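Enquirer: One structure coming up, written as structure tokens, with questions to follow.
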Amino acid sequence: MSQNPAALELEEQGFPRLTKVDVLACRFSSWYPGFRKISPKATIIKPLEERFIAYLESDGVFIPEGSGPMGVSELSDDEDDGNGSDSSRDLSWQIEFTALDAEIRDVIRKYDGPVFPKLNWSCPQDAAWMVAGSNLKCQTPADVYLLLKSSDFISHDLDHAFDLCIDATPVPEEEEHEGSDDVNDITAAAEELQLDAESTEGETTEEDDSDSDEHRPQPRKRERNYDFELVLKKWFEMPRSQEWRCIVRDHVLIAITQRDINYYEFLQPEYAKDEVRSKICDFFSEHISGRFPSSSYVFDVYFTRSNDRIFLIDFSPYSPTTDCPLIPWADLNSLSTSSPSLPLLEVVTSATLQSLPSFSHNRYPKDVVDLSSGTSIAEFAEKWRGALADGVLGSDGESTTGSVRSGPGR
């Protein structure tokens, strides 16, 4: 079997060889049972039915019927009879996930409050701006669905989790395009249902009911040896300044970096950095080293406000799809694992470099981001007019391509 060219290119850049086993080891349900005592409370719902995965992959953002607050309909007064002028565009009434709704509500009741969601590997952090408060706090199934459906990181979990694995089989570009029609099955089926409803003018027969399954979304057939899963973690306030990303190569903790790329005065003294380094090294030696199956990986931890306890948040592959903003991967790959100075610890050291909101570029079409790079407002406006003239954008001013990704948002 030929090896994956993308994986071979990473090896040339100094990355350890990544396998499917390494990626699967970072799946939440793979590691959580063995590290439950040092991790926040979480519930895993699996397997997710293929019809729900097809919904996540379908075009557009629409919320399934019945997933909002109990007793509140997702349709407006003008649309509740299915005959409103915009009803053909509102697909929420045509699909529902009753069983999954009930499971999510049960978890929310069990935790007596909101939850944050993730799929097998990724949280929908890039879509947090879609919900009130711009966070991942979910109080209804509709909140969960909105975040998952709006996230590029979740799309990565669904279709690209193994792209950089040495034992992955690359999908030929033409095959990828051929399969793209399947992604829109839900939208096509829903629109067909709407047309049928209009043509019959509300008439129903036993024959219509028996044939209704023919119009149901047909999920994509997948060949895989794992299930998709929905993870719901009990919600709690987690100050970003207390999160740390830790990088392990060949079983050695080589670096620790601040997750939030904002400046914090209390992290600047050397004694504060030494305390963080010492506590994370002890945590790694006591709880993780020798227990996680891969030799190279990334893990995230969170210090409680009082700094007296550390929680394990997640594991991620040692791969460029895992974000490491303060230390370039090239520098990490060049570090000697035998160096006595390890692990390195990096924090933001200047208050003058104020960062943009996290994942802000995910809110805009890729064309807009590409055109705006390194330009003034006037220059951007000129490029935008040129792009419109050249037909790069649609006649309605919207991009003809998707939004930009920056990795799976571990």
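Ordered as shown in the structure tokens, chains take letters A, B, and onward, while each chain numbers its residues from 1 and ligands are numbered from 1 in the order shown.
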Hey, what's within 12 Å of region 102-108 of chain A if we count only C-alpha atoms and toss same-chain stuff fewer than 4 positions away? As a PyMOL selection string, please?
Expert: chain A and resi 41-46+48+66-70+96-98+112-117+137-145+230-235
Enquirer: How about saving the chosen residues, N, CA, C and O atoms kept, as a CSV table (one decimal), in the first residue's frame?
Expert:
```csv
chain,number,residue,atom,x,y,z
A,41,LYS,N,-16.4,16.6,34.8
A,41,LYS,CA,-17.5,15.7,34.5
A,41,LYS,C,-17.9,15.8,33.0
A,41,LYS,O,-18.1,16.9,32.5
A,42,ALA,N,-18.2,14.6,32.4
A,42,ALA,CA,-18.6,14.6,31.0
A,42,ALA,C,-19.5,13.4,30.8
A,42,ALA,O,-19.3,12.3,31.5
A,43,THR,N,-20.4,13.5,29.8
A,43,THR,CA,-21.2,12.4,29.4
A,43,THR,C,-21.0,12.2,27.9
A,43,THR,O,-21.0,13.1,27.1
A,44,ILE,N,-20.9,10.9,27.5
A,44,ILE,CA,-20.7,10.6,26.1
A,44,ILE,C,-21.9,10.0,25.5
A,44,ILE,O,-22.4,9.0,26.1
A,45,ILE,N,-22.4,10.5,24.4
A,45,ILE,CA,-23.6,10.0,23.7
A,45,ILE,C,-23.1,9.4,22.4
A,45,ILE,O,-22.6,10.1,21.6
A,46,LYS,N,-23.2,8.0,22.3
A,46,LYS,CA,-22.7,7.4,21.1
A,46,LYS,C,-23.5,6.1,20.9
A,46,LYS,O,-24.0,5.5,21.9
A,48,LEU,N,-23.7,8.3,17.3
A,48,LEU,CA,-24.6,9.2,16.7
A,48,LEU,C,-25.1,8.6,15.4
A,48,LEU,O,-24.3,8.1,14.6
A,66,GLY,N,-38.3,21.1,17.4
A,66,GLY,CA,-38.5,20.5,18.7
A,66,GLY,C,-37.2,20.5,19.6
A,66,GLY,O,-37.2,20.0,20.7
A,67,SER,N,-36.1,21.1,19.1
A,67,SER,CA,-34.9,21.1,19.9
A,67,SER,C,-34.7,22.3,20.7
A,67,SER,O,-33.7,22.4,21.5
A,68,GLY,N,-35.5,23.3,20.6
A,68,GLY,CA,-35.4,24.5,21.4
A,68,GLY,C,-36.0,24.3,22.8
A,68,GLY,O,-36.2,23.2,23.3
A,69,PRO,N,-36.2,25.4,23.6
A,69,PRO,CA,-36.8,25.4,24.9
A,69,PRO,C,-38.1,24.6,24.9
A,69,PRO,O,-38.8,24.7,23.9
A,70,MET,N,-38.3,23.8,25.9
A,70,MET,CA,-39.5,23.0,25.9
A,70,MET,C,-40.8,23.8,25.8
A,70,MET,O,-40.9,24.8,26.5
A,96,GLU,N,-36.2,16.3,12.6
A,96,GLU,CA,-36.1,16.3,14.0
A,96,GLU,C,-35.3,15.1,14.5
A,96,GLU,O,-35.2,14.1,13.8
A,97,PHE,N,-34.7,15.3,15.7
A,97,PHE,CA,-34.0,14.2,16.3
A,97,PHE,C,-34.5,14.0,17.7
A,97,PHE,O,-33.9,14.4,18.7
A,98,THR,N,-35.7,13.4,17.8
A,98,THR,CA,-36.4,13.3,19.1
A,98,THR,C,-35.6,12.5,20.1
A,98,THR,O,-35.5,13.0,21.3
A,112,ASP,N,-27.7,19.6,36.3
A,112,ASP,CA,-28.5,20.8,36.9
A,112,ASP,C,-28.0,22.1,36.3
A,112,ASP,O,-27.8,23.1,37.0
A,113,GLY,N,-27.8,22.1,35.0
A,113,GLY,CA,-27.3,23.3,34.3
A,113,GLY,C,-26.7,23.1,33.0
A,113,GLY,O,-26.8,22.0,32.5
A,114,PRO,N,-26.2,24.1,32.3
A,114,PRO,CA,-25.7,24.0,31.0
A,114,PRO,C,-24.5,23.1,30.8
A,114,PRO,O,-23.9,22.7,31.8
A,115,VAL,N,-24.2,22.8,29.5
A,115,VAL,CA,-23.1,21.9,29.2
A,115,VAL,C,-22.3,22.6,28.1
A,115,VAL,O,-22.8,23.5,27.4
A,116,PHE,N,-21.0,22.1,27.9
A,116,PHE,CA,-20.4,22.4,26.6
A,116,PHE,C,-20.2,21.2,25.8
A,116,PHE,O,-19.8,20.2,26.3
A,117,PRO,N,-20.3,21.3,24.4
A,117,PRO,CA,-20.3,20.2,23.6
A,117,PRO,C,-19.0,20.0,22.8
A,117,PRO,O,-18.2,21.0,22.6
A,137,LYS,N,-21.6,27.7,26.1
A,137,LYS,CA,-22.6,27.3,27.0
A,137,LYS,C,-23.9,26.9,26.3
A,137,LYS,O,-24.5,27.8,25.7
A,138,CYS,N,-24.3,25.7,26.5
A,138,CYS,CA,-25.6,25.2,25.8
A,138,CYS,C,-26.6,24.8,26.9
A,138,CYS,O,-26.3,24.0,27.8
A,139,GLN,N,-27.8,25.3,26.7
A,139,GLN,CA,-28.9,25.1,27.6
A,139,GLN,C,-30.0,24.3,27.0
A,139,GLN,O,-31.0,23.8,27.7
A,140,THR,N,-30.0,24.1,25.7
A,140,THR,CA,-31.0,23.3,25.0
A,140,THR,C,-30.3,22.5,23.9
A,140,THR,O,-29.2,22.8,23.4
A,141,PRO,N,-30.9,21.4,23.3
A,141,PRO,CA,-30.4,20.8,22.2
A,141,PRO,C,-30.1,21.7,21.0
A,141,PRO,O,-29.1,21.5,20.3
A,142,ALA,N,-31.0,22.7,20.8
A,142,ALA,CA,-30.8,23.6,19.7
A,142,ALA,C,-29.5,24.4,19.8
A,142,ALA,O,-28.8,24.6,18.8
A,143,ASP,N,-29.1,24.7,21.0
A,143,ASP,CA,-27.8,25.4,21.2
A,143,ASP,C,-26.6,24.4,20.7
A,143,ASP,O,-25.7,24.9,20.1
A,144,VAL,N,-26.7,23.2,21.1
A,144,VAL,CA,-25.7,22.2,20.7
A,144,VAL,C,-25.7,22.1,19.2
A,144,VAL,O,-24.6,22.1,18.6
A,145,TYR,N,-26.8,21.9,18.6
A,145,TYR,CA,-26.9,21.7,17.1
A,145,TYR,C,-26.3,23.0,16.4
A,145,TYR,O,-25.6,22.8,15.4
A,230,LEU,N,-21.1,12.4,20.6
A,230,LEU,CA,-21.3,13.7,21.1
A,230,LEU,C,-20.9,13.7,22.6
A,230,LEU,O,-21.4,12.9,23.4
A,231,VAL,N,-20.0,14.6,23.0
A,231,VAL,CA,-19.5,14.7,24.3
A,231,VAL,C,-20.2,16.0,25.0
A,231,VAL,O,-20.1,17.1,24.4
A,232,LEU,N,-20.8,15.8,26.1
A,232,LEU,CA,-21.3,17.0,26.8
A,232,LEU,C,-20.7,17.1,28.2
A,232,LEU,O,-20.8,16.2,29.0
A,233,LYS,N,-19.9,18.2,28.4
A,233,LYS,CA,-19.2,18.4,29.6
A,233,LYS,C,-20.0,19.4,30.5
A,233,LYS,O,-20.6,20.3,30.0
A,234,LYS,N,-20.0,19.1,31.8
A,234,LYS,CA,-20.7,20.0,32.7
A,234,LYS,C,-20.0,21.4,32.6
A,234,LYS,O,-18.8,21.6,32.6
A,235,TRP,N,-20.9,22.4,32.4
A,235,TRP,CA,-20.4,23.8,32.2
A,235,TRP,C,-19.8,24.4,33.6
A,235,TRP,O,-20.4,24.2,34.6
```
Enquirer: Nearest residue to Glu229 (chain A) out of A:Ser150, A:Lys37, A:Asp157, A:Asp308, using only C-alpha atoms?
Expert: A:Asp157
Enquirer: Which polymer residues have any atom within 10 Å of an atom of region 332-345 of chain A, counting only C-alpha atoms, with same-chain residues fewer than 2 positions away left out, as number ranges by chain?
Expert: A: 13-16, 244-258, 273-274, 276-278, 280-281, 324, 326-330, 347
Enquirer: Skip His287 (chain A) itself and residues of its chain fewer than 3 positions away, then list as a list in words all residues within 12 Å of it, counting only C-alpha atoms.
Expert: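 Once the nearby chain positions are removed, what remains is Gly34, Phe35, Arg36, Lys37, Ile38, Ser39, Lys279, Ile280, Cys281, Asp282, Phe283, Phe284, Gly290, Arg291, Phe292, Phe299, Val301, Ile310, Phe311 and Leu312 of chain A.
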Enquirer: What does the structure give for the distance between CA of Arg17 (chain A) and CA of Ile166 (chain A), in Å to one decimal?
Expert: 6.7 Å
Enquirer: Identify, on the basis of only C-alpha atoms, every residue whose closest approach to Ser29 (chain A) does not exceed 8 Å; exclude the query and any residue fewer than 3 positions from it along the same chain; express the result as number ranges by chain.
Expert: A: 32-33, 44, 120
Enquirer: Between A:Ser241, A:Thr169, A:Gln125, A:Gln94, which is the closest to Ser151 (chain A) once you count only C-alpha atoms?
Expert: A:Gln125
Enquirer: May I have the residues within 9 Å of Pro317 (chain A) as a ChimeraX atom specification, using only C-alpha atoms and disregarding those fewer than 6 positions away in the same chain?
Expert: /A:18,22-23,25-26,294,296-299
Enquirer: Produce a file of the selected residues containing C-alpha atoms, as a PDB file, in the first residue's frame.
Expert:
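Result written to selection-v9.pdb:
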```pdb
ATOM      1  CA  LEU A  18       1.347   9.992  12.858  1.00  0.00           C
ATOM      2  CA  ASP A  22      -2.515   7.893  17.414  1.00  0.00           C
ATOM      3  CA  VAL A  23      -5.524   9.906  16.266  1.00  0.00           C
ATOM      4  CA  ALA A  25      -6.164   7.462  21.016  1.00  0.00           C
ATOM      5  CA  CYS A  26      -7.064  11.169  21.250  1.00  0.00           C
ATOM      6  CA  SER A 294       1.030   7.362  22.006  1.00  0.00           C
ATOM      7  CA  SER A 296       4.048  11.977  20.859  1.00  0.00           C
ATOM      8  CA  TYR A 297       0.912  13.983  21.616  1.00  0.00           C
ATOM      9  CA  VAL A 298      -0.485  17.200  23.066  1.00  0.00           C
ATOM     10  CA  PHE A 299      -2.569  17.562  26.213  1.00  0.00           C
TER      11      PHE A 299
END
```
